[in-house]
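Below is one structure, written out as structure tokens; the observations come after it.
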Amino acid sequence: MKQGPARRRRRTAGGALLLAPPGTAALVGPFVTPADIPSDGMPYARGDGHPLGTDALGRDVLTLVLRGGASALGVACAAVALAVAVGAVLGLAAAASHRRWLDDLLMRPVELLLPLPSFLVISVVGVGWRGQPVAVALAVAALNVPAVARLLRATALDAASGPVAEAMRLQGESPTRILFGHVGRAVLPVAAADAGTRVGATVFTVAAANFLGLGLDPTSPDWGVLIAASREALFVQPWAVCAPTLLLVMFTVGANLLADGLMPRGAEPGGRAAAWNQ
Amino acid sequence: MEPVIEVRGLTARAGTATLLDGIDLTVAPGEVTALVGPSGSGKTTAALALLGEAAPGVRLTGTVSVAGTQVVSAQGPTGSAPAARGRLVAYMPQHPAHALHPARRIGPVLTELARLHRPDSARSRSAAAAHAAVALRTAGLPDGGTIRRRFPHQFSGGQRQRVALAQVLACGPRVVVLDEPSTGLDTVARMRLAGELTRLVDGGITVLLLSHDLDLVRAVAARTVLLARGRVVATGPTEDVLPAEPPPAPPASASGPLPSPEGDSRGEVTALQAHGLSAWIRPGHRGEVLHDVTVGVREGGCTAIVGPSGSGKTVLARCLAGLHERHRGRISLFGESLPVLRHRTPRQIRGVQYVWQEVRNSFDERRTVVEQVARTAVRLRRLSPEAAERRATEVCERLGLAPGDTRRHAASLSGGELQRAALARALLAEPDVLICDEITTALDAASTELVTAELARLRRESHTAVLWIGHDLELVERLADDLVVLDEGTVVESGGCHSVLSSPGSETTRLLLRSRHLGTRSASPSAPAPPDVRGEEEPCP
Amino acid sequence: SSADAGSSTPKKGGTLRAAFPGAGVKETMDPHAQQQFIDIARHKAVFDKLVDLDATLRPVPRLARSWSGDDSSRVWRFELHRARFHDGHVLDADDVLYSLSRILDPKAADHLARKSLSHVDLANSRAVGKHGVKIALTRPNAEFPALLAMTGTAIVRNGWDDPRHPVGTGPFRFHSFAPGRSFVARRFDDHWNGAPHLDEVRILSAETEARAAALQSGEAHYAHEMTPTFARMVAHDSRVRVVATPLSGAQGFALKTDRPPFDDPDAAMAVKLLIDRKRLVDVVCAGRAEIGNDLYGKGYTYYPDGLEQRERDVAEARRLLRRTGVLNTTVSFYTSTAADGFPQAAHLFREQAGEAGLRVKIVNGPPETYFTDVLTKGTVTNHRCGAMPIPTYLSERLLTDSPQNATAWEHRDFDDAFTAARATADVRKRTERYRSVQTTLRDRGGLVLWAHPEWLNAVSRTLRGVKEAPPNTVDWARFDTVWLD
Amino acid sequence: MARYALRRCGWTVVQLAVLSVVVFLLTNLLPGDAATVDFNEQAGLDQVAQLREQMGLDRPLSERFVDWTGSLLTGDLGTSLVGGEPVSEVLSRSVGVTAALAAITLLLLVPLAVVLGLLTGLRAGGRTDRVVSAVTLTLASVPDFVLALLLVGVVSLRLGWLPATWVGADDQWWQRPELFVLPVTVLLARTVGGLSRQIRAGTIASLNAGYTVQARRLGVPPARLVLRHVLPGAAVPGVQELARAGDQLLGGVLVTEAVFAIPGTATALVEAVRNRDVPTVQALTLALAAVACLLNLVADLVGRRLAPRTEVLR
Ligand SMILES: Nc1ncnc2c1ncn2[C@@H]1O[C@H](COP(=O)(O)OP(=O)(O)OP(=O)(O)O)[C@@H](O)[C@H]1O
Ligand SMILES: Nc1ncnc2c1ncn2[C@@H]1O[C@H](COP(=O)(O)OP(=O)(O)OP(=O)(O)O)[C@@H](O)[C@H]1O
Ligand SMILES: [Mg+2]
Ligand SMILES: [Mg+2]
């Protein structure tokens, strides 16, 4: 029983620790690096005044990595935030609506998008609006909305039609309070855990689109672009690939651990599961 | 004879609280032993200890052995406890709705349990199926049609209770521990249960019965152990421990019979009225469970609704409270038509309050009980949060709940405690009409007194109308002035409580009445037919 | 690194697996509709052309043993080898004439040579003796034989029109073909130029990563078009050898000369002066290129020698920019990932132009349609060109009606000067005239060619006999003369 | 249940119909068309125009769509604008490999994720949980193309244990199981983490549920308890996640097919998009979408079976 919270805290702390380097790079990096990173070295050079070597254009990888976090994480986080926001509104509204037609009206169009291959959308957006992070973020968000909305609707429906919600209604609680006070709290850990995995997946959707040659400007310092563009040098100048990859991995793992930390007590070890473990 | 259950110095502690304080208990084989005591006295805790188990955060010491196997030692539960569960001792929990797997049909689970614990079923499917059938029948569920293919949510509250009982029986244990098995059972079913318990004992099974239902205890238990605040205060033959048969007609005690305000002025104004109410379970008007029901309750009056388990009482109550939206018909409060809950004004919400039958699920695990109770006053009576909390504590205390209890989360409260908290939650609204759906099932006599006294006070002082749903006809007779008998979703009889009970006009009522007196051992357990389980057809989405 | 090529004596037998960048369903076995290198390589195994090109992009005999034009360069006579088709038929003039008529079929929009051969006068062309053919032109062209060496000019069997069953005179006999995947052909022992050493060739489609991995793991013996980074990676790999062909085309920028600011040759000159060619070569080509002098075709026939190398002169560039009013204005650079190094070159260009006071806005376009888009879009664009004879390059890209006129260089007097040069039968005079045409272009045109990159192929050590040759020349992708150890 | 299934199937058909319009519009939104792409770098604008006319791309959008739908209803998927082959042939040529790849991945994924999810869920917070969770999480967090390149670099090129690519193996791939090892590993790494984490969360929730506690009190032995009582509840979120993994798998397949030169559907789709080959893109996307819809349908039906109470909710 005692170990539970401590372990949770450790997990959360671990998550935060992992998030720190990529987060700092993304937040502080743009202020300490020039907007146009000079190409002043040989391509894929190692050492030579560049602690992490250079990229294909002879730019300093360390500077690039500092510069490119904002767009890599920005696009992913913005896309996921948008997807979760829209998905939550849709899902919660659908779950809270007592009319089936309203539920259908909200969910059906969203479900239509569900089987749309994300690759096609990304490629249309990538090709049509080349190098525009906003467009990529919007497209990725749009792709994620259906799944988020469905997941949250299902979770919320359970909570919104359960006896607790009924009791609250009988107490005269306003629908908003029921939605945010009870349903929202039931949904939050699910949404957080989901968002944690989604941010990671999104970073890679964008990176993979770059790998296939659709999407952002190939000379931009974005981590995903950097990985994709330098991949052929994996064994020549490993840092050009590994530095951004490591940061991305740290970010996604950290985000996931942090999301775990937000899980409700009951679902955590040392909580009620102890009843089973004895 | 060797005792089957030997408990020596069993102590249970949670944090600094002592839930059980060195109790001793001996149960002889082949008889029903009852464990009674007020709500919160530690019955459930003691019963779980027989399985070598404790609720989370509760530590056990002492010795407990069941059929020669020691399950609790001075160091807590022993390693041989798991093997004893199911095979030697099987436990039926207090909240069976909570304990049934929502995604598994009841039949396969029963067969599975039989195959696990019964040597003859391990190989043979048909033997296991036969045991399952017997278990169902013994538990009072008809073993016909597609009932074994149903999911738990497709049963009514009382039926779910019996499914849980059937699961226990399917294991074929030496000892069964039943935690409030008669909760939610109508008199007929309760009578049958009593009969089955007797038959179980005759079949060589030892029964430990945890119950508030003293009539049931008297009817079946040879010996009784009385618990109070975690200690055994009395033990011996039932007649000695629970001597006085209650008088057939209740005495004019404080909680006593209808102190009708201002003579017989009740009856003038109808508070809540439902007219031509039909309700169904599934969308598209499918699965109709109420057919053209008309009920009413007068200002300051009390209308009781009785009927066999599964007859639609809860659905009716939920319709009136506005929670069940799939209905047709007119519901009015003081002549003003009532829409479904979502469309009710705060005034109308305040007007009609509902107390749940299965109360545990209606509490939020994230907030303390008192916090939740107080919200009613904040929202519906516009009190400040502090004032509301004071009010809440006050009402709870009147119902016998200590402030320390209500400041915990719902999970750590006993069944009876929660039931009263739920009542307090509704009472804080100071409603015009209070719908009580079997709110005393987990209460001991004293607590029941507190509850009925509080209701009587409200009726007297605030002219609150009460719609009472219950199986306990004694209580109904004491409380209600009008009576509606429901069967299979139809009103089979209604009228003045006294007149209906004294000269029943329908077969259902007669059946219910015939089984009311359990305490007298003359009652024939085998008489009534098992209540039918309606809706045999496989429900489609 | 090519020292050990062909050092041992040829061995017979074996299956060669060669990996080329694939083009999916676009791949075809119709030699007249060939577009991609992989098509050309496949067709080269099954078919032959009348003429091919050597490493300096001069026509050399193939099926045509020899040729001669009349004084006006309007009528050309080719003597044919007694080459045998895979079905046993011996090549004759009708096959040649049929092939030409098939190439020129007005309905076949995908026959690439149709345009460059449009001046063939089929009605007046005919067989001469059993193994000769006379081809008449509607206008004089001294470079006609070189045109017969271009893409989409293979000789097919008279009457043949079924790409699923290709029948040619080539060193390998067709076996099977799945577009975007693989092609198998077996040795043709009766090849007019001697039977190949290999039993079988397989030409496989694979993207960059896959080609690299396949070669390193021994799943392929030959990988076409590798990157400098790959070359760097396998520099010490004992299993793989890089075959680098110098001077295999050109890399540069194209300035649109029909619109401001580069309609003013001085503004274009400023760009030619402001770029840092060495840096571009070092970064974009990883140093594997010769520095360009704004002229196409270094090392090829007709390349004007003796012109001094253009060097960076930022001050002069700035002066020119100021004079033309372009200083501190912004031009748009339309780039794309259509080819390796394009966006990188654009990026460097922006950096270098910035140093001279010219601002550049980079616009990224879709790679799939880039080379068509650049005909109309952008002020500055990327430019690249594989190996081809200089006159062909000029006529395809720099005449008013050229299909790929990316600099929008439309000057009638230039067209006339070029046409006159091409019609000149005398080699010396012709060379002289070409030189003047090219210097005009270098001084006033919109092409900024800063590199002649190496072409990098990689082969496994067991593959012998692979020669350095620019793409589209006779020894490139030639598998009848190689063998496996 | 049968009614629900029917309704759900009907809805799937509507989904596919609407999707075909969306895909048609999306593909036509791409800049350039098949004719331009085909002649990129090779020919002049007049030749492009001629080709465009031959491909029928000069006709209005609606007319082309009506034509396409009409022939689709007669079972004809049209002809590829680029290769001139029937689209059905392109489809049938590429579908086998991808289907095999996906099937093998799924066959391994489901048991693996269930085992890992249960293991970590039952030992939640313990050493096993932490180690397994860390490994799956990290694997899922490495971009798949980096993982693929690393695997190829180490396992194939350095150690020489497995073939590095499918180059040249297109005609006998089904006889060479070793070809599948690396691609399937990459695909698994991408999906197993998410799925097992969902099952882990479900397991923890299910372990806490009253029904599990009661089943244990009735003496159901641990192994059985996990399989018959915990798993059905734990699988609910997993089933939905599995349906979602379909799309993820496609994304993964795209990259794996590119790295390993696997001539599958994803490669065909990328190529068709590059070529602006509308009929092929249409057919391939619809095929993929149909699979996705089918997965969703199955997930919904299974999910409904695993959580039958939802039928009453709405
Ligand atoms: N974790 C806990 N911490 C503190 N007190 C607890 C905890 N769990 C249970 N209790 C208290 O222990 C007492 C005994 O609980 P138990 O459930 O055994 O009562 P019971 O006799 O079964 O009551 P009922 O008849 O109402 O079911 C109750 O007062 C309850 O509030
Ligand atoms: N969610 C449901 N799905 C299917 N059937 C249901 C559902 N809820 C109730 N029923 C059925 O409706 C009928 C009436 O149920 P209800 O809960 O009103 O009975 P009740 O009279 O309150 O019984 P009890 O005394 O056992 O609580 C029962 O037959 C029950 O099986
Ligand atoms: Mg209890
Ligand atoms: Mg009920």
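All residue names refer to the structure tokens as shown: chains lettered A, B, ... in order, residues numbered from 1 in each chain, ligands numbered from 1 in order.
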Please extract the residues at most 10 Å from ligand 3, counting only C-alpha atoms and all ligand atoms, and provide them as a PDB file with C-alpha atoms, in the first residue's frame, using the chain letters and residue numbers of this document.
ATOM      1  CA  GLY B  37     -25.502  -7.507  14.418  1.00  0.00           C
ATOM      2  CA  PRO B  38     -25.982  -3.905  13.609  1.00  0.00           C
ATOM      3  CA  SER B  39     -24.777  -2.453  10.402  1.00  0.00           C
ATOM      4  CA  GLY B  40     -21.047  -1.890  10.542  1.00  0.00           C
ATOM      5  CA  SER B  41     -20.507  -4.344  13.341  1.00  0.00           C
ATOM      6  CA  GLY B  42     -18.004  -6.347  11.316  1.00  0.00           C
ATOM      7  CA  LYS B  43     -20.051  -9.190   9.884  1.00  0.00           C
ATOM      8  CA  THR B  44     -18.676  -8.920   6.383  1.00  0.00           C
ATOM      9  CA  THR B  45     -15.172  -8.579   7.716  1.00  0.00           C
ATOM     10  CA  ALA B  46     -15.570 -11.716   9.775  1.00  0.00           C
ATOM     11  CA  ALA B  47     -17.060 -13.626   6.865  1.00  0.00           C
ATOM     12  CA  LEU B  48     -14.196 -12.709   4.580  1.00  0.00           C
ATOM     13  CA  PRO B  93     -21.001 -11.144  -1.410  1.00  0.00           C
ATOM     14  CA  GLN B  94     -23.271  -8.444  -0.174  1.00  0.00           C
ATOM     15  CA  HIS B  95     -23.372  -6.570  -3.501  1.00  0.00           C
ATOM     16  CA  ASP B 179     -23.868 -12.171   3.122  1.00  0.00           C
ATOM     17  CA  GLU B 180     -27.401 -10.778   3.190  1.00  0.00           C
ATOM     18  CA  LEU B 210     -25.075 -12.984   7.711  1.00  0.00           C
ATOM     19  CA  SER B 211     -28.311 -11.095   7.846  1.00  0.00           C
ATOM     20  CA  HIS B 212     -30.371  -8.297   9.196  1.00  0.00           C
ATOM     21  CA  LEU B 413     -18.295   2.114   4.111  1.00  0.00           C
ATOM     22  CA  SER B 414     -20.432  -0.886   4.916  1.00  0.00           C
ATOM     23  CA  GLY B 415     -23.515  -1.629   2.862  1.00  0.00           C
ATOM     24  CA  GLY B 416     -25.944  -0.336   5.462  1.00  0.00           C
ATOM     25  CA  GLU B 417     -23.950   2.809   6.028  1.00  0.00           C
ATOM     26  CA  ALA B 442     -28.937  -3.787   4.447  1.00  0.00           C
ATOM     27  CA  LEU B 443     -30.123  -2.284   7.700  1.00  0.00           C
TER      28      LEU B 443
END
Counting only C-alpha atoms, chain C residues within 8 Å of chain A, as a PDB file with all heavy atoms, in the first residue's frame:
ATOM      1  N   GLU C 209      17.745   2.877 -50.361  1.00  0.00           N
ATOM      2  CA  GLU C 209      18.159   2.061 -49.209  1.00  0.00           C
ATOM      3  C   GLU C 209      18.299   0.595 -49.605  1.00  0.00           C
ATOM      4  O   GLU C 209      19.251  -0.078 -49.240  1.00  0.00           O
ATOM      5  CB  GLU C 209      17.093   2.121 -48.105  1.00  0.00           C
ATOM      6  CG  GLU C 209      17.364   3.104 -47.025  1.00  0.00           C
ATOM      7  CD  GLU C 209      16.737   4.429 -47.376  1.00  0.00           C
ATOM      8  OE1 GLU C 209      15.824   4.418 -48.240  1.00  0.00           O
ATOM      9  OE2 GLU C 209      17.153   5.448 -46.832  1.00  0.00           O
ATOM     10  N   THR C 229      27.431   9.651 -50.153  1.00  0.00           N
ATOM     11  CA  THR C 229      27.493   9.165 -48.775  1.00  0.00           C
ATOM     12  C   THR C 229      27.668   7.654 -48.748  1.00  0.00           C
ATOM     13  O   THR C 229      28.429   7.118 -47.946  1.00  0.00           O
ATOM     14  CB  THR C 229      26.212   9.544 -48.026  1.00  0.00           C
ATOM     15  OG1 THR C 229      25.921  10.898 -48.281  1.00  0.00           O
ATOM     16  CG2 THR C 229      26.361   9.309 -46.552  1.00  0.00           C
ATOM     17  N   PHE C 230      26.965   6.981 -49.652  1.00  0.00           N
ATOM     18  CA  PHE C 230      27.132   5.531 -49.735  1.00  0.00           C
ATOM     19  C   PHE C 230      28.574   5.202 -50.101  1.00  0.00           C
ATOM     20  O   PHE C 230      29.199   4.321 -49.499  1.00  0.00           O
ATOM     21  CB  PHE C 230      26.161   4.949 -50.763  1.00  0.00           C
ATOM     22  CG  PHE C 230      26.354   3.479 -50.993  1.00  0.00           C
ATOM     23  CD1 PHE C 230      25.834   2.555 -50.107  1.00  0.00           C
ATOM     24  CD2 PHE C 230      27.076   3.017 -52.086  1.00  0.00           C
ATOM     25  CE1 PHE C 230      26.028   1.192 -50.300  1.00  0.00           C
ATOM     26  CE2 PHE C 230      27.282   1.672 -52.293  1.00  0.00           C
ATOM     27  CZ  PHE C 230      26.756   0.757 -51.396  1.00  0.00           C
ATOM     28  N   ARG C 232      31.130   6.866 -49.457  1.00  0.00           N
ATOM     29  CA  ARG C 232      31.955   7.088 -48.282  1.00  0.00           C
ATOM     30  C   ARG C 232      31.841   5.918 -47.323  1.00  0.00           C
ATOM     31  O   ARG C 232      32.804   5.467 -46.718  1.00  0.00           O
ATOM     32  CB  ARG C 232      31.463   8.351 -47.596  1.00  0.00           C
ATOM     33  CG  ARG C 232      32.576   9.220 -47.115  1.00  0.00           C
ATOM     34  CD  ARG C 232      31.984  10.506 -46.610  1.00  0.00           C
ATOM     35  NE  ARG C 232      32.189  10.656 -45.195  1.00  0.00           N
ATOM     36  CZ  ARG C 232      31.700  11.676 -44.489  1.00  0.00           C
ATOM     37  NH1 ARG C 232      30.971  12.607 -45.099  1.00  0.00           N
ATOM     38  NH2 ARG C 232      31.931  11.759 -43.213  1.00  0.00           N
ATOM     39  N   MET C 233      30.611   5.415 -47.198  1.00  0.00           N
ATOM     40  CA  MET C 233      30.369   4.347 -46.241  1.00  0.00           C
ATOM     41  C   MET C 233      31.092   3.065 -46.644  1.00  0.00           C
ATOM     42  O   MET C 233      31.600   2.335 -45.791  1.00  0.00           O
ATOM     43  CB  MET C 233      28.872   4.100 -46.131  1.00  0.00           C
ATOM     44  CG  MET C 233      28.491   3.094 -45.080  1.00  0.00           C
ATOM     45  SD  MET C 233      26.734   3.131 -44.791  1.00  0.00           S
ATOM     46  CE  MET C 233      26.105   2.360 -46.244  1.00  0.00           C
ATOM     47  N   ASP C 282      31.503  20.870 -52.996  1.00  0.00           N
ATOM     48  CA  ASP C 282      31.901  20.159 -51.773  1.00  0.00           C
ATOM     49  C   ASP C 282      30.694  19.648 -51.001  1.00  0.00           C
ATOM     50  O   ASP C 282      30.725  18.558 -50.444  1.00  0.00           O
ATOM     51  CB  ASP C 282      32.712  21.101 -50.873  1.00  0.00           C
ATOM     52  CG  ASP C 282      34.153  21.159 -51.320  1.00  0.00           C
ATOM     53  OD1 ASP C 282      34.518  20.340 -52.187  1.00  0.00           O
ATOM     54  OD2 ASP C 282      34.893  22.036 -50.839  1.00  0.00           O
ATOM     55  N   VAL C 283      29.656  20.447 -50.942  1.00  0.00           N
ATOM     56  CA  VAL C 283      28.528  20.056 -50.117  1.00  0.00           C
ATOM     57  C   VAL C 283      27.530  19.217 -50.906  1.00  0.00           C
ATOM     58  O   VAL C 283      27.209  18.095 -50.527  1.00  0.00           O
ATOM     59  CB  VAL C 283      27.833  21.305 -49.514  1.00  0.00           C
ATOM     60  CG1 VAL C 283      26.569  20.885 -48.786  1.00  0.00           C
ATOM     61  CG2 VAL C 283      28.781  22.023 -48.592  1.00  0.00           C
ATOM     62  N   VAL C 284      27.056  19.752 -52.009  1.00  0.00           N
ATOM     63  CA  VAL C 284      25.978  19.064 -52.719  1.00  0.00           C
ATOM     64  C   VAL C 284      26.493  17.776 -53.355  1.00  0.00           C
ATOM     65  O   VAL C 284      25.818  16.755 -53.350  1.00  0.00           O
ATOM     66  CB  VAL C 284      25.339  19.992 -53.765  1.00  0.00           C
ATOM     67  CG1 VAL C 284      24.253  19.277 -54.517  1.00  0.00           C
ATOM     68  CG2 VAL C 284      24.802  21.242 -53.091  1.00  0.00           C
ATOM     69  N   ALA C 286      29.349  16.339 -52.457  1.00  0.00           N
ATOM     70  CA  ALA C 286      30.329  15.776 -51.535  1.00  0.00           C
ATOM     71  C   ALA C 286      31.720  15.760 -52.179  1.00  0.00           C
ATOM     72  O   ALA C 286      32.499  14.833 -51.989  1.00  0.00           O
ATOM     73  CB  ALA C 286      29.912  14.371 -51.098  1.00  0.00           C
ATOM     74  N   THR C 337      12.396  18.058 -54.136  1.00  0.00           N
ATOM     75  CA  THR C 337      13.255  16.899 -53.901  1.00  0.00           C
ATOM     76  C   THR C 337      13.315  15.995 -55.127  1.00  0.00           C
ATOM     77  O   THR C 337      13.633  14.819 -55.012  1.00  0.00           O
ATOM     78  CB  THR C 337      12.725  16.090 -52.717  1.00  0.00           C
ATOM     79  OG1 THR C 337      11.332  15.874 -52.928  1.00  0.00           O
ATOM     80  CG2 THR C 337      12.923  16.810 -51.420  1.00  0.00           C
ATOM     81  N   PRO C 343      17.275  20.581 -53.031  1.00  0.00           N
ATOM     82  CA  PRO C 343      16.976  21.542 -51.961  1.00  0.00           C
ATOM     83  C   PRO C 343      18.243  22.035 -51.273  1.00  0.00           C
ATOM     84  O   PRO C 343      18.319  23.189 -50.873  1.00  0.00           O
ATOM     85  CB  PRO C 343      16.121  20.736 -50.986  1.00  0.00           C
ATOM     86  CG  PRO C 343      15.709  19.518 -51.724  1.00  0.00           C
ATOM     87  CD  PRO C 343      16.732  19.259 -52.753  1.00  0.00           C
ATOM     88  N   GLN C 344      19.223  21.156 -51.187  1.00  0.00           N
ATOM     89  CA  GLN C 344      20.474  21.564 -50.554  1.00  0.00           C
ATOM     90  C   GLN C 344      21.133  22.667 -51.372  1.00  0.00           C
ATOM     91  O   GLN C 344      21.625  23.657 -50.831  1.00  0.00           O
ATOM     92  CB  GLN C 344      21.422  20.364 -50.426  1.00  0.00           C
ATOM     93  CG  GLN C 344      21.037  19.354 -49.358  1.00  0.00           C
ATOM     94  CD  GLN C 344      19.942  18.393 -49.807  1.00  0.00           C
ATOM     95  OE1 GLN C 344      19.411  18.508 -50.906  1.00  0.00           O
ATOM     96  NE2 GLN C 344      19.588  17.450 -48.951  1.00  0.00           N
ATOM     97  N   HIS C 347      19.391  25.811 -50.846  1.00  0.00           N
ATOM     98  CA  HIS C 347      19.704  26.356 -49.532  1.00  0.00           C
ATOM     99  C   HIS C 347      21.041  27.108 -49.566  1.00  0.00           C
ATOM    100  O   HIS C 347      21.158  28.239 -49.096  1.00  0.00           O
ATOM    101  CB  HIS C 347      19.770  25.208 -48.531  1.00  0.00           C
ATOM    102  CG  HIS C 347      19.895  25.645 -47.119  1.00  0.00           C
ATOM    103  ND1 HIS C 347      18.809  25.898 -46.332  1.00  0.00           N
ATOM    104  CD2 HIS C 347      20.995  25.892 -46.367  1.00  0.00           C
ATOM    105  CE1 HIS C 347      19.216  26.274 -45.144  1.00  0.00           C
ATOM    106  NE2 HIS C 347      20.543  26.278 -45.130  1.00  0.00           N
ATOM    107  N   LEU C 348      22.041  26.461 -50.174  1.00  0.00           N
ATOM    108  CA  LEU C 348      23.350  27.107 -50.259  1.00  0.00           C
ATOM    109  C   LEU C 348      23.276  28.358 -51.122  1.00  0.00           C
ATOM    110  O   LEU C 348      23.918  29.373 -50.839  1.00  0.00           O
ATOM    111  CB  LEU C 348      24.378  26.129 -50.841  1.00  0.00           C
ATOM    112  CG  LEU C 348      24.762  24.973 -49.936  1.00  0.00           C
ATOM    113  CD1 LEU C 348      25.765  24.083 -50.634  1.00  0.00           C
ATOM    114  CD2 LEU C 348      25.354  25.499 -48.633  1.00  0.00           C
ATOM    115  N   GLU C 351      22.137  31.191 -49.169  1.00  0.00           N
ATOM    116  CA  GLU C 351      23.190  31.685 -48.284  1.00  0.00           C
ATOM    117  C   GLU C 351      24.186  32.540 -49.051  1.00  0.00           C
ATOM    118  O   GLU C 351      24.537  33.653 -48.629  1.00  0.00           O
ATOM    119  CB  GLU C 351      23.930  30.468 -47.697  1.00  0.00           C
ATOM    120  CG  GLU C 351      23.991  30.457 -46.197  1.00  0.00           C
ATOM    121  CD  GLU C 351      24.719  29.218 -45.696  1.00  0.00           C
ATOM    122  OE1 GLU C 351      25.954  29.096 -45.872  1.00  0.00           O
ATOM    123  OE2 GLU C 351      24.020  28.368 -45.136  1.00  0.00           O
ATOM    124  N   ASN C 364       9.159  25.227 -52.169  1.00  0.00           N
ATOM    125  CA  ASN C 364       9.282  23.790 -52.432  1.00  0.00           C
ATOM    126  C   ASN C 364       8.114  23.299 -53.259  1.00  0.00           C
ATOM    127  O   ASN C 364       6.967  23.535 -52.915  1.00  0.00           O
ATOM    128  CB  ASN C 364       9.304  23.033 -51.112  1.00  0.00           C
ATOM    129  CG  ASN C 364      10.714  22.820 -50.632  1.00  0.00           C
ATOM    130  OD1 ASN C 364      11.407  21.949 -51.135  1.00  0.00           O
ATOM    131  ND2 ASN C 364      11.149  23.641 -49.702  1.00  0.00           N
ATOM    132  N   GLY C 365       8.420  22.612 -54.333  1.00  0.00           N
ATOM    133  CA  GLY C 365       7.350  22.092 -55.175  1.00  0.00           C
ATOM    134  C   GLY C 365       7.318  20.583 -55.143  1.00  0.00           C
ATOM    135  O   GLY C 365       8.248  19.943 -54.658  1.00  0.00           O
ATOM    136  N   PRO C 366       6.246  19.997 -55.658  1.00  0.00           N
ATOM    137  CA  PRO C 366       6.177  18.532 -55.689  1.00  0.00           C
ATOM    138  C   PRO C 366       7.214  17.954 -56.646  1.00  0.00           C
ATOM    139  O   PRO C 366       7.396  18.471 -57.747  1.00  0.00           O
ATOM    140  CB  PRO C 366       4.762  18.251 -56.195  1.00  0.00           C
ATOM    141  CG  PRO C 366       4.323  19.500 -56.854  1.00  0.00           C
ATOM    142  CD  PRO C 366       5.051  20.635 -56.208  1.00  0.00           C
TER     143      PRO C 366
END
Using only C-alpha atoms and all ligand atoms, which protein or nucleic acid residues are at most 7 Å from ligand 2, as a short mmCIF file (atom, residue, chain, number, x, y, z; two decimals) with C-alpha atoms, in the first residue's frame?
data_model
loop_
_atom_site.label_atom_id
_atom_site.label_comp_id
_atom_site.auth_asym_id
_atom_site.auth_seq_id
_atom_site.Cartn_x
_atom_site.Cartn_y
_atom_site.Cartn_z
CA HIS B 153 -27.33 -7.02 -16.81
CA GLN B 154 -30.38 -8.70 -18.24
CA PHE B 155 -31.72 -9.56 -14.78
CA SER B 156 -33.45 -7.49 -12.15
CA GLY B 157 -31.74 -6.67 -8.88
CA GLY B 158 -33.25 -9.59 -6.98
CA GLN B 159 -32.57 -11.99 -9.80
CA GLY B 184 -34.10 -7.63 -2.59
CA LEU B 185 -36.11 -10.81 -2.42
CA ASP B 186 -39.85 -10.71 -2.34
CA ILE B 281 -35.87 -1.35 -21.82
CA VAL B 289 -41.52 -4.06 -18.77
CA GLY B 307 -44.47 -7.32 -6.07
CA PRO B 308 -42.26 -10.22 -6.91
CA SER B 309 -38.69 -9.60 -7.83
CA GLY B 310 -38.42 -8.50 -11.43
CA SER B 311 -41.96 -7.21 -11.59
CA GLY B 312 -40.83 -3.75 -12.61
CA LYS B 313 -40.81 -1.84 -9.35
CA THR B 314 -37.42 -0.27 -9.90
CA VAL B 315 -38.27 0.64 -13.46
CA LEU B 316 -41.45 2.29 -12.26
CA VAL B 533 -38.36 -14.82 -15.11
CA ARG B 534 -39.78 -12.73 -17.83
CA GLY B 535 -38.32 -11.76 -21.16
CA VAL D 312 -28.67 -0.75 -23.03
#
